$ cat my_file13.tsv   # TSV, C-alpha atoms and all ligand atoms
chain	number	residue	atom	x	y	z
A	30	MET	CA	-27.28	-1.07	-24.11
A	31	GLU	CA	-26.06	-4.59	-23.42
A	32	ARG	CA	-24.64	-4.95	-19.92
A	33	VAL	CA	-21.63	-6.99	-18.91
A	34	THR	CA	-20.70	-8.61	-15.63
A	35	VAL	CA	-17.56	-7.38	-13.90
A	36	LYS	CA	-15.90	-8.62	-10.73
A	37	ILE	CA	-13.62	-6.02	-9.22
A	38	THR	CA	-11.85	-6.26	-5.89
A	39	VAL	CA	-11.99	-2.89	-4.19
A	40	ASN	CA	-10.15	-2.32	-0.92
A	41	GLY	CA	-9.93	-6.07	-0.42
A	42	ALA	CA	-13.60	-6.90	-1.06
A	43	GLU	CA	-14.83	-8.41	-4.31
A	44	HIS	CA	-17.79	-6.71	-5.99
A	45	GLU	CA	-19.77	-8.21	-8.85
A	46	ARG	CA	-22.02	-5.94	-10.87
A	47	GLU	CA	-23.71	-5.77	-14.26
A	48	VAL	CA	-22.55	-2.58	-15.93
A	49	GLU	CA	-22.74	-0.82	-19.24
A	50	PRO	CA	-19.46	-1.30	-21.16
A	51	ARG	CA	-19.00	2.47	-21.27
A	52	LEU	CA	-19.17	2.92	-17.48
A	53	LEU	CA	-16.07	4.66	-16.15
A	54	LEU	CA	-14.23	3.18	-13.20
A	55	VAL	CA	-14.70	6.41	-11.25
A	56	ASP	CA	-18.47	6.15	-11.71
A	57	PHE	CA	-18.41	2.48	-10.76
A	58	LEU	CA	-16.66	3.41	-7.50
A	59	ARG	CA	-18.81	6.42	-6.70
A	60	GLU	CA	-22.21	5.32	-7.92
A	61	GLU	CA	-22.22	1.51	-7.73
A	62	LEU	CA	-20.16	1.19	-4.54
A	63	ASP	CA	-20.91	4.58	-2.97
A	64	LEU	CA	-17.20	5.27	-2.44
A	65	LYS	CA	-17.33	9.03	-2.77
A	66	GLY	CA	-13.78	9.63	-1.55
A	67	THR	CA	-12.58	9.34	-5.13
A	68	HIS	CA	-13.38	12.77	-6.55
A	69	ILE	CA	-14.22	13.97	-10.02
A	70	GLY	CA	-12.61	17.28	-10.92
A	71	CYS	CA	-12.40	17.49	-14.69
A	72	ASP	CA	-13.50	14.12	-16.11
A	73	THR	CA	-10.92	14.70	-18.86
A	74	ARG	CA	-7.73	13.18	-17.32
A	75	HIS	CA	-6.20	16.49	-16.34
A	76	CYS	CA	-6.71	17.08	-12.62
A	77	GLY	CA	-5.92	13.75	-10.94
A	78	ALA	CA	-8.69	14.09	-8.34
A	79	CYS	CA	-9.98	10.67	-9.41
A	80	THR	CA	-6.65	8.84	-8.89
A	81	VAL	CA	-6.86	5.32	-7.47
A	82	LEU	CA	-4.50	2.35	-7.46
A	83	LEU	CA	-5.13	-0.37	-10.04
A	84	ASP	CA	-3.08	-3.45	-9.20
A	85	GLY	CA	-0.88	-1.16	-7.12
A	86	PHE	CA	-0.24	1.52	-9.77
A	87	ASN	CA	-1.85	4.93	-9.79
A	88	VAL	CA	-4.36	5.56	-12.56
A	89	LYS	CA	-6.85	8.29	-13.23
A	90	SER	CA	-10.10	6.43	-12.82
A	91	CYS	CA	-11.92	8.77	-15.21
A	92	THR	CA	-9.75	7.34	-17.99
A	93	VAL	CA	-10.36	3.68	-17.15
A	94	LEU	CA	-13.50	1.73	-17.97
A	95	ALA	CA	-14.97	-0.47	-15.27
A	96	VAL	CA	-14.69	-3.41	-17.68
A	97	GLN	CA	-10.93	-2.80	-17.89
A	98	ALA	CA	-10.72	-3.30	-14.13
A	99	ASP	CA	-12.54	-6.64	-14.33
A	100	GLY	CA	-10.65	-9.28	-12.33
A	101	ARG	CA	-8.25	-6.70	-10.93
A	102	GLU	CA	-7.60	-4.97	-7.62
A	103	VAL	CA	-8.47	-1.37	-6.95
A	104	THR	CA	-7.51	0.65	-3.89
A	105	THR	CA	-9.30	3.89	-3.12
A	106	ILE	CA	-8.68	6.44	-0.41
A	107	GLU	CA	-11.20	4.59	1.77
A	108	GLY	CA	-8.87	1.57	1.79
A	109	VAL	CA	-5.69	3.38	2.76
A	110	ALA	CA	-5.97	3.72	6.54
A	111	PRO	CA	-4.76	0.65	8.45
A	112	GLU	CA	-7.87	0.47	10.63
A	113	GLU	CA	-10.94	2.41	11.69
A	114	GLY	CA	-9.96	5.58	13.52
A	115	LYS	CA	-6.31	5.48	12.41
A	116	LEU	CA	-4.65	7.36	9.60
A	117	HIS	CA	-2.10	6.05	7.13
A	118	PRO	CA	1.29	7.75	7.71
A	119	LEU	CA	0.77	9.73	4.50
A	120	GLN	CA	-2.62	10.99	5.64
A	121	ASP	CA	-1.10	11.84	8.99
A	122	ALA	CA	1.75	13.76	7.33
A	123	PHE	CA	-0.68	15.68	5.10
A	124	TRP	CA	-2.56	16.74	8.21
A	125	LYS	CA	0.61	17.64	10.13
A	126	HIS	CA	2.14	19.66	7.27
A	127	HIS	CA	-1.11	21.48	6.36
A	128	ALA	CA	-0.88	19.85	2.95
A	129	LEU	CA	-4.57	20.35	2.28
A	130	GLN	CA	-7.00	23.21	2.36
A	131	CYS	CA	-10.27	22.50	0.55
A	132	GLY	CA	-9.25	18.84	0.34
A	133	TYR	CA	-10.64	18.27	-3.13
A	134	CYS	CA	-7.34	17.09	-4.58
A	135	SER	CA	-6.21	15.27	-1.43
A	136	PRO	CA	-7.49	11.72	-2.05
A	137	GLY	CA	-5.86	11.69	-5.48
A	138	MET	CA	-2.65	13.23	-4.14
A	139	VAL	CA	-2.43	10.60	-1.42
A	140	MET	CA	-2.97	7.78	-3.93
A	141	SER	CA	-0.23	9.09	-6.24
A	142	ALA	CA	2.10	9.55	-3.27
A	143	LEU	CA	1.30	6.01	-2.14
A	144	ALA	CA	2.32	4.59	-5.53
A	145	PHE	CA	5.53	6.66	-5.37
A	146	LEU	CA	6.23	5.29	-1.90
A	147	SER	CA	5.70	1.70	-3.09
A	148	HIS	CA	7.53	1.75	-6.39
A	149	SER	CA	10.15	4.47	-6.49
A	150	PRO	CA	10.58	6.25	-3.15
A	151	SER	CA	13.06	9.11	-3.17
A	152	THR	CA	13.58	12.12	-0.95
A	153	ASP	CA	14.64	14.24	-3.91
A	154	GLU	CA	12.25	17.15	-4.31
A	155	GLU	CA	12.22	16.87	-8.10
A	156	ASP	CA	11.30	13.18	-7.88
A	157	ILE	CA	8.46	13.94	-5.47
A	158	ARG	CA	7.17	16.73	-7.68
A	159	ARG	CA	7.32	14.43	-10.71
A	160	ALA	CA	5.36	11.77	-8.81
A	161	ILE	CA	2.48	14.17	-8.16
A	162	ALA	CA	2.77	16.04	-11.45
A	163	GLY	CA	-0.51	14.55	-12.67
A	164	ASN	CA	-2.40	15.87	-9.65
A	165	LEU	CA	-3.48	19.49	-9.60
A	166	CYS	CA	-4.04	21.49	-6.42
A	167	ARG	CA	-5.50	24.96	-6.60
A	168	CYS	CA	-5.03	25.73	-2.90
A	169	THR	CA	-1.75	24.74	-1.29
A	170	GLY	CA	0.97	25.81	-3.69
A	171	TYR	CA	2.32	22.21	-3.54
A	172	GLN	CA	5.25	22.85	-1.16
A	173	PHE	CA	3.45	21.52	1.92
A	174	ILE	CA	2.40	18.43	-0.04
A	175	VAL	CA	6.02	17.85	-1.08
A	176	ASP	CA	7.11	18.30	2.56
A	177	ALA	CA	4.53	15.77	3.75
A	178	VAL	CA	5.53	13.16	1.18
A	179	ARG	CA	9.23	13.68	1.84
A	180	GLU	CA	8.78	13.16	5.57
A	181	VAL	CA	7.10	9.81	5.02
A	182	VAL	CA	9.73	8.70	2.49
A	183	GLU	CA	12.50	9.69	4.91
A	184	ARG	CA	10.88	7.69	7.69
A	185	GLN	CA	10.45	4.70	5.37
A	186	VAL	CA	14.07	4.87	4.18
A	187	SER	CA	15.50	5.21	7.70
A	188	SER	CA	13.50	2.19	8.96
A	189	GLU	CA	14.81	-0.09	6.18
A	201	LIG	FE1	-10.06	12.31	-13.59
A	201	LIG	FE2	-9.78	14.95	-13.40
A	201	LIG	S1	-11.49	13.72	-12.84
A	201	LIG	S2	-8.32	13.49	-14.07
A	202	LIG	FE1	-7.82	22.40	-2.49
A	202	LIG	FE2	-5.76	20.88	-3.23
A	202	LIG	S1	-6.36	21.40	-1.21
A	202	LIG	S2	-7.34	21.65	-4.47
$ encode --input "my_file13.tsv" --output "structure tokens"
Amino acid sequence: MERVTVKITVNGAEHEREVEPRLLLVDFLREELDLKGTHIGCDTRHCGACTVLLDGFNVKSCTVLAVQADGREVTTIEGVAPEEGKLHPLQDAFWKHHALQCGYCSPGMVMSALAFLSHSPSTDEEDIRRAIAGNLCRCTGYQFIVDAVREVVERQVSSE
């Protein structure tokens, strides 16, 4: 199959690769760039484990082609922490509130929560649940995740 050149900025670094037009963004991240923090749960846009930010908005990277991300900015869970050895406040809150067990959904949950925090932060439980509605978790029962997100939103709101 004919290959096409894409240039995608991932976590602040530009990557140029020749890819098949059918290559999914999630496979580009995991296989071409070895960023395995973005998980694959269903490959059919249901679970949200593959969620990343594309130009700041959360997308399920199993539903996006790498060619669609050409010239754009992607953030994965590996690019969330402010520096080596430090956690992002959301990651810290997930840890503190026991908002993960097996951790399979966690990267996607954090990315959806991050988009919520950037675009439409609210401490309302319904709003938080709506923000992570596309992310499935089979372990935690969701309440601890909601608690973690709410704590970070509250801190953000009170510091503004
Ligand atoms: Fe993308 Fe499940 S792997 S939504
Ligand atoms: Fe296991 Fe969410 S912590 S799926």
$ closest_atom_pairs --input "my_file13.tsv" --of "chain A" --to "ligand LIG 202 (chain A)" --cutoff "10 Å" --atoms "only C-alpha atoms and all ligand atoms" --output "CSV"
residue,atom,partner,partner_atom,distance
A:Gly70,CA,A:LIG202,S2,9.4
A:Cys76,CA,A:LIG202,S2,9.4
A:Ala78,CA,A:LIG202,S2,8.6
A:His127,CA,A:LIG202,S1,9.2
A:Ala128,CA,A:LIG202,S1,7.1
A:Leu129,CA,A:LIG202,S1,4.1
A:Gln130,CA,A:LIG202,S1,4.1
A:Cys131,CA,A:LIG202,FE1,3.9
A:Gly132,CA,A:LIG202,S1,4.2
A:Tyr133,CA,A:LIG202,S2,4.9
A:Cys134,CA,A:LIG202,FE2,4.3
A:Ser135,CA,A:LIG202,FE2,5.9
A:Pro136,CA,A:LIG202,FE2,9.4
A:Gly137,CA,A:LIG202,FE2,9.5
A:Met138,CA,A:LIG202,FE2,8.3
A:Asn164,CA,A:LIG202,FE2,8.8
A:Leu165,CA,A:LIG202,S2,6.8
A:Cys166,CA,A:LIG202,FE2,3.7
A:Arg167,CA,A:LIG202,S2,4.3
A:Cys168,CA,A:LIG202,FE1,4.4
A:Thr169,CA,A:LIG202,S1,5.7
A:Gly170,CA,A:LIG202,FE2,8.4
A:Tyr171,CA,A:LIG202,FE2,8.2
A:Ile174,CA,A:LIG202,FE2,9.1
$ atom_distance --input "my_file13.tsv" --atom1 "atom CA of A:Thr105" --atom2 "atom CA of A:Phe145"
15.3 Å
$ residues_around --input "my_file13.tsv" --residues "A:Ala162" --least-positions-apart "4" --cutoff "10 Å" --atoms "all atoms listed in the file" --output "ChimeraX atom specification"
/A:76-77,138,141,156-158
$ closest_residue --input "my_file13.tsv" --among "A:Thr67, A:Thr104, A:Ser188, A:Thr152" --to "ligand LIG 201 (chain A)" --atoms "all atoms listed in the file"
A:Thr67
$ residues_near_ligand --input "my_file13.tsv" --ligand "ligand LIG 201 (chain A)" --cutoff "6 Å" --atoms "all atoms listed in the file" --output "list of chain:residue names"
A:Ile69, A:Gly70, A:Cys71, A:Asp72, A:Thr73, A:Arg74, A:His75, A:Cys76, A:Gly77, A:Ala78, A:Cys79, A:Lys89, A:Ser90, A:Cys91
$ atom_distance --input "my_file13.tsv" --atom1 "atom CA of A:His68" --atom2 "atom CA of A:Glu180"
25.3 Å
$ axis_aligned_box --input "my_file13.tsv" --around "stretch 119-131 of chain A" --padding-each-side "3 Å" --output "AutoDock Vina command-line options"
--center_x -4.1 --center_y 16.5 --center_z 5.3 --size_x 18.4 --size_y 19.5 --size_z 15.6
$ residues_around --input "my_file13.tsv" --residues "A:Leu94" --least-positions-apart "4" --cutoff "10 Å" --atoms "all atoms listed in the file" --output "MDAnalysis selection string"
chainID A and resid 49:57 90 98:99
$ closest_atom_pairs --input "my_file13.tsv" --of "stretch 96-146 of chain A" --to "stretch 181-186 of chain A" --cutoff "10 Å" --atoms "only C-alpha atoms" --output "Markdown table"
| residue | atom | partner | partner_atom | distance |
| --- | --- | --- | --- | --- |
| A:Pro118 | CA | A:Val181 | CA | 6.7 |
| A:Leu119 | CA | A:Val181 | CA | 6.4 |
| A:Gln120 | CA | A:Val181 | CA | 9.8 |
| A:Asp121 | CA | A:Val181 | CA | 9.3 |
| A:Ala122 | CA | A:Val181 | CA | 7.0 |
| A:Phe123 | CA | A:Val181 | CA | 9.7 |
| A:Ala142 | CA | A:Val182 | CA | 9.6 |
| A:Leu143 | CA | A:Val181 | CA | 10.0 |
| A:Phe145 | CA | A:Val182 | CA | 9.1 |
| A:Leu146 | CA | A:Val182 | CA | 6.6 |
$ closest_atom_pairs --input "my_file13.tsv" --of "stretch 76-184 of chain A" --to "stretch 32-38 of chain A" --cutoff "8 Å" --atoms "all atoms listed in the file" --output "JSON lines"
{"residue": "A:Ala95", "atom": "CA", "partner": "A:Val35", "partner_atom": "CA", "distance": 7.5}
{"residue": "A:Val96", "atom": "CA", "partner": "A:Val35", "partner_atom": "CA", "distance": 6.2}
{"residue": "A:Ala98", "atom": "CA", "partner": "A:Ile37", "partner_atom": "CA", "distance": 6.3}
{"residue": "A:Asp99", "atom": "CA", "partner": "A:Val35", "partner_atom": "CA", "distance": 5.1}
{"residue": "A:Gly100", "atom": "CA", "partner": "A:Ile37", "partner_atom": "CA", "distance": 5.4}
{"residue": "A:Arg101", "atom": "CA", "partner": "A:Ile37", "partner_atom": "CA", "distance": 5.7}
{"residue": "A:Glu102", "atom": "CA", "partner": "A:Thr38", "partner_atom": "CA", "distance": 4.8}
{"residue": "A:Val103", "atom": "CA", "partner": "A:Thr38", "partner_atom": "CA", "distance": 6.0}
$ atom_distance --input "my_file13.tsv" --atom1 "atom CA of A:Glu189" --atom2 "atom CA of A:Val88"
27.4 Å
$ closest_residue --input "my_file13.tsv" --among "A:His117, A:Arg59, A:Asn40, A:Glu45" --to "A:Leu82" --atoms "all atoms listed in the file"
A:Asn40
$ closest_residue --input "my_file13.tsv" --among "A:Lys115, A:Asn87, A:Val109, A:Ser187" --to "A:Ala160" --atoms "all atoms listed in the file"
A:Asn87
$ closest_residue --input "my_file13.tsv" --among "A:Ala110, A:Glu47, A:Glu155, A:Glu60" --to "A:Asp176" --atoms "all atoms listed in the file"
A:Glu155
$ closest_residue --input "my_file13.tsv" --among "A:Phe173, A:Val178, A:Gln97, A:Val48" --to "A:Ser151" --atoms "all atoms listed in the file"
A:Val178
$ build_atoms --input "my_file13.tsv" --residues "stretch 171-182 of chain A" --atoms "all heavy atoms" --output "PDB file, keeping the file's coordinate frame"
ATOM      1  N   TYR A 171       1.545  23.467  -3.391  1.00  0.00           N
ATOM      2  CA  TYR A 171       2.320  22.210  -3.540  1.00  0.00           C
ATOM      3  C   TYR A 171       3.429  22.002  -2.502  1.00  0.00           C
ATOM      4  O   TYR A 171       3.743  20.868  -2.176  1.00  0.00           O
ATOM      5  CB  TYR A 171       2.908  22.049  -4.949  1.00  0.00           C
ATOM      6  CG  TYR A 171       1.852  21.998  -6.020  1.00  0.00           C
ATOM      7  CD1 TYR A 171       1.521  23.127  -6.752  1.00  0.00           C
ATOM      8  CD2 TYR A 171       1.159  20.814  -6.284  1.00  0.00           C
ATOM      9  CE1 TYR A 171       0.527  23.091  -7.720  1.00  0.00           C
ATOM     10  CE2 TYR A 171       0.173  20.769  -7.253  1.00  0.00           C
ATOM     11  CZ  TYR A 171      -0.132  21.915  -7.970  1.00  0.00           C
ATOM     12  OH  TYR A 171      -1.110  21.870  -8.923  1.00  0.00           O
ATOM     13  N   GLN A 172       4.066  23.073  -2.009  1.00  0.00           N
ATOM     14  CA  GLN A 172       5.250  22.850  -1.160  1.00  0.00           C
ATOM     15  C   GLN A 172       4.919  22.015   0.080  1.00  0.00           C
ATOM     16  O   GLN A 172       5.685  21.124   0.463  1.00  0.00           O
ATOM     17  CB  GLN A 172       5.874  24.193  -0.746  1.00  0.00           C
ATOM     18  CG  GLN A 172       7.230  24.033  -0.067  1.00  0.00           C
ATOM     19  CD  GLN A 172       8.259  23.317  -0.967  1.00  0.00           C
ATOM     20  OE1 GLN A 172       8.463  23.702  -2.108  1.00  0.00           O
ATOM     21  NE2 GLN A 172       8.885  22.255  -0.461  1.00  0.00           N
ATOM     22  N   PHE A 173       3.795  22.273   0.709  1.00  0.00           N
ATOM     23  CA  PHE A 173       3.450  21.520   1.920  1.00  0.00           C
ATOM     24  C   PHE A 173       3.165  20.048   1.591  1.00  0.00           C
ATOM     25  O   PHE A 173       3.413  19.158   2.405  1.00  0.00           O
ATOM     26  CB  PHE A 173       2.241  22.136   2.629  1.00  0.00           C
ATOM     27  CG  PHE A 173       2.508  23.507   3.206  1.00  0.00           C
ATOM     28  CD1 PHE A 173       1.460  24.382   3.452  1.00  0.00           C
ATOM     29  CD2 PHE A 173       3.799  23.920   3.505  1.00  0.00           C
ATOM     30  CE1 PHE A 173       1.698  25.640   3.984  1.00  0.00           C
ATOM     31  CE2 PHE A 173       4.053  25.182   4.038  1.00  0.00           C
ATOM     32  CZ  PHE A 173       2.997  26.050   4.270  1.00  0.00           C
ATOM     33  N   ILE A 174       2.650  19.818   0.392  1.00  0.00           N
ATOM     34  CA  ILE A 174       2.400  18.430  -0.040  1.00  0.00           C
ATOM     35  C   ILE A 174       3.745  17.727  -0.224  1.00  0.00           C
ATOM     36  O   ILE A 174       3.940  16.599   0.247  1.00  0.00           O
ATOM     37  CB  ILE A 174       1.578  18.405  -1.350  1.00  0.00           C
ATOM     38  CG1 ILE A 174       0.187  18.989  -1.104  1.00  0.00           C
ATOM     39  CG2 ILE A 174       1.487  16.984  -1.901  1.00  0.00           C
ATOM     40  CD1 ILE A 174      -0.658  19.179  -2.351  1.00  0.00           C
ATOM     41  N   VAL A 175       4.676  18.418  -0.877  1.00  0.00           N
ATOM     42  CA  VAL A 175       6.020  17.850  -1.080  1.00  0.00           C
ATOM     43  C   VAL A 175       6.656  17.559   0.292  1.00  0.00           C
ATOM     44  O   VAL A 175       7.238  16.487   0.514  1.00  0.00           O
ATOM     45  CB  VAL A 175       6.903  18.824  -1.895  1.00  0.00           C
ATOM     46  CG1 VAL A 175       8.349  18.346  -1.927  1.00  0.00           C
ATOM     47  CG2 VAL A 175       6.355  18.962  -3.309  1.00  0.00           C
ATOM     48  N   ASP A 176       6.527  18.494   1.223  1.00  0.00           N
ATOM     49  CA  ASP A 176       7.110  18.300   2.560  1.00  0.00           C
ATOM     50  C   ASP A 176       6.511  17.076   3.245  1.00  0.00           C
ATOM     51  O   ASP A 176       7.225  16.298   3.892  1.00  0.00           O
ATOM     52  CB  ASP A 176       6.866  19.537   3.441  1.00  0.00           C
ATOM     53  CG  ASP A 176       7.607  20.766   2.923  1.00  0.00           C
ATOM     54  OD1 ASP A 176       8.530  20.604   2.100  1.00  0.00           O
ATOM     55  OD2 ASP A 176       7.244  21.886   3.339  1.00  0.00           O
ATOM     56  N   ALA A 177       5.204  16.905   3.105  1.00  0.00           N
ATOM     57  CA  ALA A 177       4.530  15.770   3.750  1.00  0.00           C
ATOM     58  C   ALA A 177       5.024  14.451   3.154  1.00  0.00           C
ATOM     59  O   ALA A 177       5.356  13.510   3.887  1.00  0.00           O
ATOM     60  CB  ALA A 177       3.009  15.895   3.568  1.00  0.00           C
ATOM     61  N   VAL A 178       5.091  14.398   1.844  1.00  0.00           N
ATOM     62  CA  VAL A 178       5.530  13.160   1.180  1.00  0.00           C
ATOM     63  C   VAL A 178       6.978  12.855   1.556  1.00  0.00           C
ATOM     64  O   VAL A 178       7.329  11.723   1.899  1.00  0.00           O
ATOM     65  CB  VAL A 178       5.361  13.257  -0.356  1.00  0.00           C
ATOM     66  CG1 VAL A 178       5.931  12.013  -1.038  1.00  0.00           C
ATOM     67  CG2 VAL A 178       3.895  13.450  -0.726  1.00  0.00           C
ATOM     68  N   ARG A 179       7.810  13.894   1.539  1.00  0.00           N
ATOM     69  CA  ARG A 179       9.230  13.680   1.840  1.00  0.00           C
ATOM     70  C   ARG A 179       9.411  13.134   3.259  1.00  0.00           C
ATOM     71  O   ARG A 179      10.215  12.243   3.493  1.00  0.00           O
ATOM     72  CB  ARG A 179      10.032  14.964   1.657  1.00  0.00           C
ATOM     73  CG  ARG A 179      11.523  14.715   1.910  1.00  0.00           C
ATOM     74  CD  ARG A 179      12.416  15.838   1.496  1.00  0.00           C
ATOM     75  NE  ARG A 179      11.777  17.118   1.691  1.00  0.00           N
ATOM     76  CZ  ARG A 179      11.923  18.150   0.879  1.00  0.00           C
ATOM     77  NH1 ARG A 179      12.678  18.054  -0.174  1.00  0.00           N
ATOM     78  NH2 ARG A 179      11.312  19.290   1.109  1.00  0.00           N
ATOM     79  N   GLU A 180       8.636  13.648   4.186  1.00  0.00           N
ATOM     80  CA  GLU A 180       8.780  13.160   5.570  1.00  0.00           C
ATOM     81  C   GLU A 180       8.482  11.663   5.654  1.00  0.00           C
ATOM     82  O   GLU A 180       9.188  10.912   6.323  1.00  0.00           O
ATOM     83  CB  GLU A 180       7.834  13.922   6.508  1.00  0.00           C
ATOM     84  CG  GLU A 180       8.079  13.527   7.954  1.00  0.00           C
ATOM     85  CD  GLU A 180       6.938  13.918   8.875  1.00  0.00           C
ATOM     86  OE1 GLU A 180       6.717  15.113   9.074  1.00  0.00           O
ATOM     87  OE2 GLU A 180       6.278  12.992   9.401  1.00  0.00           O
ATOM     88  N   VAL A 181       7.463  11.233   4.957  1.00  0.00           N
ATOM     89  CA  VAL A 181       7.100   9.810   5.020  1.00  0.00           C
ATOM     90  C   VAL A 181       8.164   8.957   4.318  1.00  0.00           C
ATOM     91  O   VAL A 181       8.535   7.888   4.805  1.00  0.00           O
ATOM     92  CB  VAL A 181       5.698   9.570   4.408  1.00  0.00           C
ATOM     93  CG1 VAL A 181       5.338   8.097   4.457  1.00  0.00           C
ATOM     94  CG2 VAL A 181       4.657  10.385   5.154  1.00  0.00           C
ATOM     95  N   VAL A 182       8.672   9.444   3.181  1.00  0.00           N
ATOM     96  CA  VAL A 182       9.730   8.700   2.490  1.00  0.00           C
ATOM     97  C   VAL A 182      10.959   8.599   3.395  1.00  0.00           C
ATOM     98  O   VAL A 182      11.566   7.535   3.532  1.00  0.00           O
ATOM     99  CB  VAL A 182      10.123   9.358   1.145  1.00  0.00           C
ATOM    100  CG1 VAL A 182      11.249   8.571   0.483  1.00  0.00           C
ATOM    101  CG2 VAL A 182       8.937   9.431   0.207  1.00  0.00           C
TER     102      VAL A 182
END
